[in-house]
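Structure first, then comments.
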Amino acid sequence: MSERSRKVGRTLLVVAVILVVVLLLLLPPTQDLLREYLGDPFSSQYPEEVHMEIVRTLTLDANGGEIIAYMVDLPRPKSIVDDGAYLQKVDGLTVSPPYTELTDNGTYETMVWEGEDLEGTFTLTMTIEVTQRIHVWDLDEDSVLDRDEVPQYYQDNYLGDQWKIIVNDPAIQALREDIVGNETNVFLIARAIYEWIDDNVDYYIWTGTDGPLSSLQTYEELKGDCDDQSILFCALARSAGVPAWLQLGAVYSPSNGEIGGHAWVQMFMPTEDGGTNVTIDIVNDKFLVWMPNLYCEYTDTGDADDLVNAYHHVRYSVPLSTPDNWMPVYDEHWEVVSYEESEGTVALELVMAREDF
């Protein structure tokens with residue numbers, strides 16, 4: 001045999017070995033062994049638990065003019081529990097200055113700060129110590145029931161139009177028909193809407209808008225941020241007879257140390273043993289996953305005025321003589337001053353996320 005033939009033979013052997021190794025790696029038993037002894041190379045690893053100290057600062061500046069009266073209201077942070085295990089545990093809360101009133105909204109409490117005759121600056125600082133745990137809901141079309149099995153409370157509060165969540169519009173209804181058709185299973189309806197938005201709506205941050213886009217505007221533009229896409233999801237789900245609502249708060253990225261306001265979807269999935277509220281974070285590509293870098297401040301009650309206030313929690317009045325080209329300046333800033341991950345990790349299926357954890 002010539003030297004050339006031997007080289008060709010060795011090359012073919014190496015290629016064959018590589019192909020065999022690749023095929024073995026793709027086999028489920030091999031992947032299971034790797035997960036057990038080496039960690040999962042096919043999934044992203046996330047901390048099982050995270051402890052954060054978050055500082056939120058709000059500043060209202062009269063900007064050289066006068067504010068006759070102002071009011072700031074914020075939900076009091078609360079712990080969130082699913083099936084006896086916490087997703088979010090509030091370990092401590094400090095506010096400065098102290099709030100002037102604490103009101104009960106039925107499902108949560110609201111802290112209220114009020115003042116008059118502001119010519120300078122009002123600054124509110126809130127420090128939250130919170131522990132978050134990752135949670136993945138092990139649900140599918142076989143374990144989740146039809147929409148008629150959703151408890152009446154959710155049907156009464158989260159099926160109709162609500163501020164920017166426009167449900168009863170021909171365009172929204174036609175889109176829902178295209179996406180969902182006659183499907184009645186809650187899991188399949190949610191997954192179909194999630195996948196359609198993920199495939200067809202681009203992530204985009206609008207500037208110069210007073211609050212989020214409506215569901216109809218986001219559908220017309222086919223782009224929007226976390227609020228816009230979550231509102232569109234809620235509208236489509238409600239149009240399909242499945243209650244869905246917003247949760248508002250913040251999301252933290254350990255890779256760059258930045259935290260900012262965030263919105264995602266919560267909905268109820270009925271099962272034989274009762275059912276549970278689940279999380280759907282569209283722009284972060286997390287379906288039925290509560291991530292440990294989320295901080296939830298507000299859960300939609302189904303009341304339109306309540307949702308408006310959640311987005312416009314600073315209100316003020318100025319003298320009638322105020323020039324049209326003048327207005328107060330409002331600024332809001334989030335910061336994570338301490339962050340600690342648990343040693344334990346959880347593997348999630350690797351997906352192409354538009355925003356990193």
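Starting from 1 in every chain, residues are counted up; chains themselves are A, B, ... following the order of the structure tokens, and ligands are numbered from 1 as listed.
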All strand (DSSP E or B) residues (DSSP, backbone) inside range 161-352 of chain A, as a ChimeraX atom specification: /A:162,165,185,202-203,223-224,244-253,258-269,271,276-281,286-287,289-290,294-299,314-317,329-341,345-349
Within 7 Å of range 271-283 of chain A using only C-alpha atoms, minus same-chain residues under 6 positions, as a PyMOL selection string: chain A and resi 143-145+194+198+203+226+230+264-265+289-290+354-355
What lies within 12 Å of Gly106 in chain A using only C-alpha atoms, ignoring chain neighbours under 5 positions off, as a short mmCIF file (atom, residue, chain, number, x, y, z; two decimals) with N, CA and C atoms, in the first residue's frame?
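Below you can see result18.cif, which holds the result:
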```
data_model
loop_
_atom_site.label_atom_id
_atom_site.label_comp_id
_atom_site.auth_asym_id
_atom_site.auth_seq_id
_atom_site.Cartn_x
_atom_site.Cartn_y
_atom_site.Cartn_z
N PRO A 75 -46.50 49.69 45.07
CA PRO A 75 -46.90 48.47 45.78
C PRO A 75 -45.86 48.10 46.85
N THR A 299 -48.64 42.66 40.75
CA THR A 299 -49.42 41.69 39.99
C THR A 299 -50.76 42.32 39.67
N ASP A 300 -51.10 42.34 38.40
CA ASP A 300 -52.33 42.95 37.92
C ASP A 300 -53.55 42.37 38.62
N THR A 301 -54.44 43.25 39.09
CA THR A 301 -55.66 42.82 39.79
C THR A 301 -56.84 42.65 38.84
N GLY A 302 -56.69 43.08 37.59
CA GLY A 302 -57.80 43.04 36.66
C GLY A 302 -58.54 44.36 36.56
N ASP A 303 -58.23 45.33 37.44
CA ASP A 303 -58.86 46.64 37.43
C ASP A 303 -58.05 47.59 36.54
N ASP A 306 -56.31 50.54 38.32
CA ASP A 306 -55.20 50.03 39.11
C ASP A 306 -53.96 49.79 38.24
#
```
Given only C-alpha atoms as the counted atoms, nearest of A:Asp285, A:Glu149, A:Asp140, A:Glu66 to Leu118 in chain A: A:Glu66
Near range 154-165 of chain A, counting only C-alpha atoms, which residues have an atom at most 8 Å away, once you skip same-chain residues fewer than 4 positions from it, shown as an mmCIF file with N, CA and C atoms, in the first residue's frame?
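Now in out.cif:
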```
data_model
loop_
_atom_site.group_PDB
_atom_site.id
_atom_site.type_symbol
_atom_site.label_atom_id
_atom_site.label_comp_id
_atom_site.auth_asym_id
_atom_site.auth_seq_id
_atom_site.Cartn_x
_atom_site.Cartn_y
_atom_site.Cartn_z
ATOM 1 N N VAL A 150 -60.765 26.657 34.196
ATOM 2 C CA VAL A 150 -60.123 27.761 34.924
ATOM 3 C C VAL A 150 -61.118 28.309 35.948
ATOM 4 N N PRO A 212 -46.888 51.956 27.871
ATOM 5 C CA PRO A 212 -46.717 50.908 26.856
ATOM 6 C C PRO A 212 -47.681 51.097 25.685
ATOM 7 N N LEU A 213 -47.387 50.378 24.582
ATOM 8 C CA LEU A 213 -48.312 50.333 23.456
ATOM 9 C C LEU A 213 -49.498 49.447 23.813
ATOM 10 N N SER A 214 -50.595 49.661 23.123
ATOM 11 C CA SER A 214 -51.734 48.767 23.289
ATOM 12 C C SER A 214 -51.461 47.472 22.534
ATOM 13 N N SER A 215 -52.261 46.466 22.807
ATOM 14 C CA SER A 215 -52.103 45.193 22.095
ATOM 15 C C SER A 215 -52.307 45.385 20.598
ATOM 16 N N ILE A 231 -48.470 42.568 26.855
ATOM 17 C CA ILE A 231 -49.839 43.050 26.696
ATOM 18 C C ILE A 231 -50.497 42.378 25.498
ATOM 19 N N LEU A 232 -49.763 42.224 24.399
ATOM 20 C CA LEU A 232 -50.303 41.527 23.229
ATOM 21 C C LEU A 232 -50.627 40.081 23.579
ATOM 22 N N CYS A 234 -51.465 38.864 26.514
ATOM 23 C CA CYS A 234 -52.666 38.846 27.360
ATOM 24 C C CYS A 234 -53.924 39.017 26.517
ATOM 25 N N ALA A 235 -53.875 39.942 25.543
ATOM 26 C CA ALA A 235 -55.049 40.191 24.703
ATOM 27 C C ALA A 235 -55.415 38.960 23.881
ATOM 28 N N ARG A 238 -56.785 36.172 26.232
ATOM 29 C CA ARG A 238 -58.145 36.486 26.670
ATOM 30 C C ARG A 238 -59.139 36.300 25.525
ATOM 31 N N SER A 239 -58.715 36.688 24.320
ATOM 32 C CA SER A 239 -59.584 36.502 23.160
ATOM 33 C C SER A 239 -59.892 35.019 22.936
ATOM 34 N N GLY A 241 -60.285 32.969 25.337
ATOM 35 C CA GLY A 241 -61.015 32.484 26.509
ATOM 36 C C GLY A 241 -60.129 32.041 27.647
ATOM 37 N N VAL A 242 -58.842 32.418 27.601
ATOM 38 C CA VAL A 242 -57.892 32.023 28.647
ATOM 39 C C VAL A 242 -57.437 33.267 29.413
ATOM 40 N N PRO A 243 -57.736 33.378 30.698
ATOM 41 C CA PRO A 243 -57.303 34.540 31.476
ATOM 42 C C PRO A 243 -55.778 34.649 31.536
ATOM 43 N N ALA A 244 -55.274 35.871 31.324
ATOM 44 C CA ALA A 244 -53.835 36.151 31.421
ATOM 45 C C ALA A 244 -53.684 37.600 31.844
ATOM 46 N N TRP A 245 -52.649 37.902 32.627
ATOM 47 C CA TRP A 245 -52.489 39.236 33.172
ATOM 48 C C TRP A 245 -51.014 39.561 33.319
ATOM 49 N N PHE A 268 -53.181 31.291 34.747
ATOM 50 C CA PHE A 268 -53.537 30.101 35.515
ATOM 51 C C PHE A 268 -53.685 28.917 34.573
ATOM 52 N N THR A 301 -54.443 43.247 39.085
ATOM 53 C CA THR A 301 -55.658 42.823 39.789
ATOM 54 C C THR A 301 -56.840 42.650 38.845
ATOM 55 N N GLY A 302 -56.688 43.085 37.589
ATOM 56 C CA GLY A 302 -57.801 43.041 36.656
ATOM 57 C C GLY A 302 -58.540 44.362 36.560
ATOM 58 N N ASP A 303 -58.225 45.326 37.438
ATOM 59 C CA ASP A 303 -58.860 46.635 37.431
ATOM 60 C C ASP A 303 -58.051 47.586 36.540
ATOM 61 N N ALA A 304 -58.713 48.235 35.575
ATOM 62 C CA ALA A 304 -58.012 49.083 34.612
ATOM 63 C C ALA A 304 -57.329 50.272 35.293
ATOM 64 N N ASP A 305 -58.036 50.949 36.215
ATOM 65 C CA ASP A 305 -57.449 52.106 36.900
ATOM 66 C C ASP A 305 -56.235 51.695 37.708
ATOM 67 N N LEU A 307 -54.184 49.259 37.033
ATOM 68 C CA LEU A 307 -53.073 49.008 36.123
ATOM 69 C C LEU A 307 -52.478 50.316 35.608
ATOM 70 N N VAL A 308 -53.320 51.301 35.328
ATOM 71 C CA VAL A 308 -52.820 52.620 34.915
ATOM 72 C C VAL A 308 -51.922 53.205 35.994
#
```
Distance in Å - CA of Asn105 in chain A versus CA of Met269 in chain A: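 Spanning CA of Asn105 in chain A to CA of Met269 in chain A is a straight-line distance of 24.6 Å.
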Residue neighbourhood Gly115 in chain A, 9 Å, only C-alpha atoms, exclusion window fewer than 3 positions, as an mmCIF file with C-alpha atoms, in the first residue's frame:
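Listing of result.cif after writing:
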```
data_model
loop_
_atom_site.group_PDB
_atom_site.id
_atom_site.type_symbol
_atom_site.label_atom_id
_atom_site.label_comp_id
_atom_site.auth_asym_id
_atom_site.auth_seq_id
_atom_site.Cartn_x
_atom_site.Cartn_y
_atom_site.Cartn_z
ATOM 1 C CA ILE A 68 -48.670 72.556 44.064
ATOM 2 C CA ALA A 69 -49.213 68.968 45.187
ATOM 3 C CA TYR A 70 -47.777 65.559 44.367
ATOM 4 C CA MET A 71 -48.429 61.924 45.173
ATOM 5 C CA LEU A 118 -42.567 71.532 46.096
ATOM 6 C CA PHE A 122 -38.393 65.116 46.306
#
```
Residues of range 61-171 of chain A in alpha helix (DSSP H), written as a VMD selection string: chain A and resid 152 to 157 170 to 171
Go ahead and write the selection's residues with C-alpha atoms as a short mmCIF file (atom, residue, chain, number, x, y, z; two decimals), in the first residue's frame.
```cif
data_model
loop_
_atom_site.label_atom_id
_atom_site.label_comp_id
_atom_site.auth_asym_id
_atom_site.auth_seq_id
_atom_site.Cartn_x
_atom_site.Cartn_y
_atom_site.Cartn_z
CA GLN A 152 -64.40 31.59 37.95
CA TYR A 153 -62.34 34.24 39.79
CA TYR A 154 -59.83 34.43 36.95
CA GLN A 155 -62.55 34.37 34.30
CA ASP A 156 -64.35 37.25 36.02
CA ASN A 157 -61.23 39.44 36.28
CA PRO A 170 -61.66 42.49 14.98
CA ALA A 171 -57.94 42.49 14.22
#
```
If we count only C-alpha atoms and set the cut-off at 10 Å, which residues sit around range 249-259 of chain A, ignoring sequence neighbours fewer than 4 positions away in its own chain? Please answer as a PDB file with N, CA and C atoms, in the first residue's frame.
```
ATOM      1  N   MET A  52     -30.607  39.084  46.650  1.00  0.00           N
ATOM      2  CA  MET A  52     -30.244  40.405  46.144  1.00  0.00           C
ATOM      3  C   MET A  52     -30.676  41.496  47.124  1.00  0.00           C
ATOM      4  N   ILE A  54     -31.693  45.283  46.535  1.00  0.00           N
ATOM      5  CA  ILE A  54     -32.028  46.196  45.441  1.00  0.00           C
ATOM      6  C   ILE A  54     -32.354  47.565  46.015  1.00  0.00           C
ATOM      7  N   PRO A  77     -43.635  45.557  48.483  1.00  0.00           N
ATOM      8  CA  PRO A  77     -43.135  44.244  48.035  1.00  0.00           C
ATOM      9  C   PRO A  77     -43.671  43.115  48.893  1.00  0.00           C
ATOM     10  N   ALA A 263     -41.505  43.579  32.514  1.00  0.00           N
ATOM     11  CA  ALA A 263     -42.882  43.090  32.555  1.00  0.00           C
ATOM     12  C   ALA A 263     -42.936  41.710  31.938  1.00  0.00           C
ATOM     13  N   TRP A 264     -43.829  40.883  32.452  1.00  0.00           N
ATOM     14  CA  TRP A 264     -44.010  39.539  31.916  1.00  0.00           C
ATOM     15  C   TRP A 264     -45.462  39.113  32.176  1.00  0.00           C
ATOM     16  N   MET A 291     -37.528  32.794  36.762  1.00  0.00           N
ATOM     17  CA  MET A 291     -36.080  32.927  36.865  1.00  0.00           C
ATOM     18  C   MET A 291     -35.685  33.608  38.173  1.00  0.00           C
ATOM     19  N   PRO A 292     -34.531  33.243  38.734  1.00  0.00           N
ATOM     20  CA  PRO A 292     -34.122  33.818  40.016  1.00  0.00           C
ATOM     21  C   PRO A 292     -33.608  35.248  39.906  1.00  0.00           C
ATOM     22  N   ASN A 293     -33.524  35.794  38.685  1.00  0.00           N
ATOM     23  CA  ASN A 293     -33.105  37.187  38.543  1.00  0.00           C
ATOM     24  C   ASN A 293     -34.293  38.129  38.388  1.00  0.00           C
ATOM     25  N   LEU A 294     -35.527  37.594  38.528  1.00  0.00           N
ATOM     26  CA  LEU A 294     -36.720  38.424  38.470  1.00  0.00           C
ATOM     27  C   LEU A 294     -37.035  38.989  39.855  1.00  0.00           C
ATOM     28  N   TYR A 295     -37.568  40.199  39.849  1.00  0.00           N
ATOM     29  CA  TYR A 295     -38.127  40.759  41.079  1.00  0.00           C
ATOM     30  C   TYR A 295     -39.513  41.281  40.730  1.00  0.00           C
ATOM     31  N   CYS A 296     -40.536  40.728  41.349  1.00  0.00           N
ATOM     32  CA  CYS A 296     -41.914  41.114  41.068  1.00  0.00           C
ATOM     33  C   CYS A 296     -42.377  42.143  42.093  1.00  0.00           C
ATOM     34  N   GLU A 297     -42.846  43.264  41.579  1.00  0.00           N
ATOM     35  CA  GLU A 297     -43.343  44.333  42.442  1.00  0.00           C
ATOM     36  C   GLU A 297     -44.869  44.396  42.442  1.00  0.00           C
ATOM     37  N   TYR A 298     -45.456  44.082  41.289  1.00  0.00           N
ATOM     38  CA  TYR A 298     -46.898  44.298  41.127  1.00  0.00           C
ATOM     39  C   TYR A 298     -47.510  43.178  40.297  1.00  0.00           C
ATOM     40  N   THR A 299     -48.636  42.660  40.753  1.00  0.00           N
ATOM     41  CA  THR A 299     -49.422  41.694  39.993  1.00  0.00           C
ATOM     42  C   THR A 299     -50.765  42.316  39.669  1.00  0.00           C
ATOM     43  N   HIS A 333     -34.473  55.112  39.058  1.00  0.00           N
ATOM     44  CA  HIS A 333     -33.224  54.360  38.895  1.00  0.00           C
ATOM     45  C   HIS A 333     -33.245  53.128  39.785  1.00  0.00           C
ATOM     46  N   TRP A 334     -32.832  51.971  39.197  1.00  0.00           N
ATOM     47  CA  TRP A 334     -32.679  50.726  39.945  1.00  0.00           C
ATOM     48  C   TRP A 334     -31.192  50.405  40.091  1.00  0.00           C
ATOM     49  N   GLU A 335     -30.823  49.797  41.215  1.00  0.00           N
ATOM     50  CA  GLU A 335     -29.432  49.364  41.411  1.00  0.00           C
ATOM     51  C   GLU A 335     -29.406  48.132  42.318  1.00  0.00           C
ATOM     52  N   VAL A 336     -28.594  47.155  41.960  1.00  0.00           N
ATOM     53  CA  VAL A 336     -28.359  45.993  42.818  1.00  0.00           C
ATOM     54  C   VAL A 336     -27.045  46.228  43.552  1.00  0.00           C
ATOM     55  N   VAL A 337     -27.121  46.373  44.865  1.00  0.00           N
ATOM     56  CA  VAL A 337     -25.921  46.685  45.644  1.00  0.00           C
ATOM     57  C   VAL A 337     -25.267  45.431  46.211  1.00  0.00           C
ATOM     58  N   TYR A 339     -25.339  40.902  45.528  1.00  0.00           N
ATOM     59  CA  TYR A 339     -25.905  39.787  44.759  1.00  0.00           C
ATOM     60  C   TYR A 339     -25.138  38.529  45.129  1.00  0.00           C
ATOM     61  N   GLU A 340     -25.857  37.497  45.553  1.00  0.00           N
ATOM     62  CA  GLU A 340     -25.214  36.252  45.974  1.00  0.00           C
ATOM     63  C   GLU A 340     -25.982  35.069  45.416  1.00  0.00           C
ATOM     64  N   GLU A 355     -32.598  38.529  25.498  1.00  0.00           N
ATOM     65  CA  GLU A 355     -31.985  39.228  26.620  1.00  0.00           C
ATOM     66  C   GLU A 355     -31.351  38.179  27.503  1.00  0.00           C
ATOM     67  N   ASP A 356     -30.094  38.389  27.873  1.00  0.00           N
ATOM     68  CA  ASP A 356     -29.387  37.398  28.663  1.00  0.00           C
ATOM     69  C   ASP A 356     -29.766  37.510  30.128  1.00  0.00           C
ATOM     70  N   PHE A 357     -29.639  36.379  30.822  1.00  0.00           N
ATOM     71  CA  PHE A 357     -29.857  36.338  32.272  1.00  0.00           C
ATOM     72  C   PHE A 357     -28.799  37.185  32.977  1.00  0.00           C
TER      73      PHE A 357
END
```
Atom-to-atom span, CA of Thr218 in chain A and CA of Val201 in chain A, Å: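 Result for CA of Thr218 in chain A versus CA of Val201 in chain A: 8.2 Å, one decimal.
Taking CA of Asp104 in chain A and CA of His313 in chain A as endpoints, the distance between them is 15.8 Å.
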Top pick for closest residue to Asp228 in chain A, considering A:Asp199, A:His262, A:Thr121, A:Arg191 and counting only C-alpha atoms: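 Comparing A:Asp199, A:His262, A:Thr121, A:Arg191 against Asp228 in chain A, the winner is A:His262.
When only C-alpha atoms are used to measure the gap to Asp331 in chain A, the shortest distance among A:Tyr46, A:Gly181, A:Val95, A:Ala62 belongs to A:Ala62.
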